[in-house]
Amino acid sequence: MDALPGPAGGRTQTEGQPMDIETIIDTYGDDMLRLCILYLGERQLAEDAFQTAAIRAWKSLPGFRGESSIKTWLSRITVNVCRDTLRSGWFRMRKSSVSIDALTNLAAEPSARDSEVTQAVLALPGRYR
């Protein structure tokens with residue numbers, strides 16, 4: 001299979017061997033996905049982060065200087081993408097939202113015990129409520 005087209009042809013040279021993004025992802029993709037799952041805790045979010053990390057690695061591949069191993073470089077990119085995801089406003093909003101099932105439970109009629117507690121609290125003097 002041909003190398004994916006990309007910046008500078010999508011190929012770089014490391015230790016005398018040409019590397020393309022397809023080979024790199026085939027070799028280290030499982031490790032990247034596992035790292036995303038550990039960091040984010042949800043498979044679907046992890047798959048999105050993995051895809052973003054793979055694209056970021058593909059775009060940055062021509063600039064890889066070889067000062068570290070490919071795996072270390074990919075791990076750093078993957079962790080940075082996961083951290084960006086956790087810092088995003090969308091992720092914080094998503095975590096603070098309430099599921100529809102929880103809303104239907106809240107809208108249900110209060111139980112007899114809830115009514116008793118409410119009546120008891122309302123019977124207290126204002127200072128103790």
# chains A, B, ... in the order shown; residues from 1 in each chain; ligands from 1
>>> residues_around(residues="stretch 49-55 of chain A", least_positions_apart="6", cutoff="8 Å", atoms="only C-alpha atoms", output="VMD selection string")
chain A and resid 25 32 to 33 36 74 77 to 78 81 to 82 85
>>> atom_distance(atom1="atom CA of A:Ser69", atom2="atom CA of A:Asp48")
24.1 Å
>>> closest_residue(among="A:Glu47, A:Glu116, A:Glu22, A:Glu67", to="A:Arg34", atoms="only C-alpha atoms")
A:Glu47
>>> closest_residue(among="A:Ala120, A:Ser75, A:Ala46, A:Arg56", to="A:Ile21", atoms="only C-alpha atoms")
A:Arg56
>>> select_by_dssp(residues="stretch 9-94 of chain A", states="strand (DSSP E or B)", output="ChimeraX atom specification")
/A:11-14,17-20
>>> write_last_selection(atoms="all heavy atoms", output="PDB file, in the first residue's frame")
ATOM      1  N   ARG A  11       6.516  11.028   4.648  1.00  0.00           N
ATOM      2  CA  ARG A  11       7.614  10.118   4.985  1.00  0.00           C
ATOM      3  C   ARG A  11       8.718  10.888   5.695  1.00  0.00           C
ATOM      4  O   ARG A  11       8.930  12.061   5.464  1.00  0.00           O
ATOM      5  CB  ARG A  11       8.203   9.486   3.723  1.00  0.00           C
ATOM      6  CG  ARG A  11       7.287   8.520   3.050  1.00  0.00           C
ATOM      7  CD  ARG A  11       8.014   7.862   1.885  1.00  0.00           C
ATOM      8  NE  ARG A  11       7.207   6.812   1.330  1.00  0.00           N
ATOM      9  CZ  ARG A  11       7.228   5.559   1.747  1.00  0.00           C
ATOM     10  NH1 ARG A  11       8.005   5.202   2.722  1.00  0.00           N
ATOM     11  NH2 ARG A  11       6.458   4.652   1.186  1.00  0.00           N
ATOM     12  N   THR A  12       9.401  10.193   6.569  1.00  0.00           N
ATOM     13  CA  THR A  12      10.579  10.754   7.226  1.00  0.00           C
ATOM     14  C   THR A  12      11.599   9.643   7.340  1.00  0.00           C
ATOM     15  O   THR A  12      11.280   8.472   7.155  1.00  0.00           O
ATOM     16  CB  THR A  12      10.242  11.348   8.607  1.00  0.00           C
ATOM     17  OG1 THR A  12      11.377  12.051   9.084  1.00  0.00           O
ATOM     18  CG2 THR A  12       9.826  10.299   9.603  1.00  0.00           C
ATOM     19  N   GLN A  13      12.800   9.981   7.643  1.00  0.00           N
ATOM     20  CA  GLN A  13      13.856   8.993   7.760  1.00  0.00           C
ATOM     21  C   GLN A  13      14.293   8.912   9.212  1.00  0.00           C
ATOM     22  O   GLN A  13      14.622   9.915   9.828  1.00  0.00           O
ATOM     23  CB  GLN A  13      15.043   9.404   6.895  1.00  0.00           C
ATOM     24  CG  GLN A  13      16.128   8.378   6.852  1.00  0.00           C
ATOM     25  CD  GLN A  13      16.338   7.874   5.454  1.00  0.00           C
ATOM     26  OE1 GLN A  13      15.661   8.278   4.542  1.00  0.00           O
ATOM     27  NE2 GLN A  13      17.286   6.986   5.286  1.00  0.00           N
ATOM     28  N   THR A  14      14.257   7.723   9.790  1.00  0.00           N
ATOM     29  CA  THR A  14      14.745   7.528  11.149  1.00  0.00           C
ATOM     30  C   THR A  14      15.679   6.332  11.150  1.00  0.00           C
ATOM     31  O   THR A  14      15.326   5.261  10.672  1.00  0.00           O
ATOM     32  CB  THR A  14      13.592   7.264  12.144  1.00  0.00           C
ATOM     33  OG1 THR A  14      12.862   6.138  11.716  1.00  0.00           O
ATOM     34  CG2 THR A  14      12.686   8.461  12.253  1.00  0.00           C
ATOM     35  N   GLN A  17      16.037   4.224   8.059  1.00  0.00           N
ATOM     36  CA  GLN A  17      14.873   3.558   7.479  1.00  0.00           C
ATOM     37  C   GLN A  17      13.777   4.583   7.223  1.00  0.00           C
ATOM     38  O   GLN A  17      13.450   5.357   8.109  1.00  0.00           O
ATOM     39  CB  GLN A  17      14.331   2.495   8.429  1.00  0.00           C
ATOM     40  CG  GLN A  17      15.290   1.386   8.724  1.00  0.00           C
ATOM     41  CD  GLN A  17      14.720   0.419   9.738  1.00  0.00           C
ATOM     42  OE1 GLN A  17      13.675   0.654  10.322  1.00  0.00           O
ATOM     43  NE2 GLN A  17      15.421  -0.670   9.944  1.00  0.00           N
ATOM     44  N   PRO A  18      13.219   4.593   6.022  1.00  0.00           N
ATOM     45  CA  PRO A  18      12.108   5.511   5.782  1.00  0.00           C
ATOM     46  C   PRO A  18      10.874   5.053   6.564  1.00  0.00           C
ATOM     47  O   PRO A  18      10.594   3.864   6.651  1.00  0.00           O
ATOM     48  CB  PRO A  18      11.877   5.418   4.269  1.00  0.00           C
ATOM     49  CG  PRO A  18      12.501   4.141   3.844  1.00  0.00           C
ATOM     50  CD  PRO A  18      13.576   3.816   4.840  1.00  0.00           C
ATOM     51  N   MET A  19      10.185   5.997   7.182  1.00  0.00           N
ATOM     52  CA  MET A  19       8.978   5.700   7.947  1.00  0.00           C
ATOM     53  C   MET A  19       7.839   6.525   7.368  1.00  0.00           C
ATOM     54  O   MET A  19       8.013   7.701   7.090  1.00  0.00           O
ATOM     55  CB  MET A  19       9.157   6.072   9.421  1.00  0.00           C
ATOM     56  CG  MET A  19      10.200   5.273  10.166  1.00  0.00           C
ATOM     57  SD  MET A  19       9.689   3.600  10.514  1.00  0.00           S
ATOM     58  CE  MET A  19       8.510   3.891  11.807  1.00  0.00           C
ATOM     59  N   ASP A  20       6.691   5.916   7.199  1.00  0.00           N
ATOM     60  CA  ASP A  20       5.513   6.674   6.802  1.00  0.00           C
ATOM     61  C   ASP A  20       4.476   6.540   7.907  1.00  0.00           C
ATOM     62  O   ASP A  20       4.573   5.677   8.777  1.00  0.00           O
ATOM     63  CB  ASP A  20       4.982   6.241   5.439  1.00  0.00           C
ATOM     64  CG  ASP A  20       4.489   4.808   5.407  1.00  0.00           C
ATOM     65  OD1 ASP A  20       4.625   4.101   6.418  1.00  0.00           O
ATOM     66  OD2 ASP A  20       3.962   4.400   4.368  1.00  0.00           O
TER      67      ASP A  20
END
>>> select_by_dssp(residues="stretch 14-121 of chain A", states="alpha helix (DSSP H)", output="VMD selection string")
chain A and resid 21 to 40 43 to 60 70 to 87 89 to 96 100 to 107 112 to 121
>>> atom_distance(atom1="atom CA of A:Gly63", atom2="atom CA of A:Arg87")
26.1 Å
>>> atom_distance(atom1="atom CA of A:Leu35", atom2="atom CA of A:Arg65")
23.0 Å
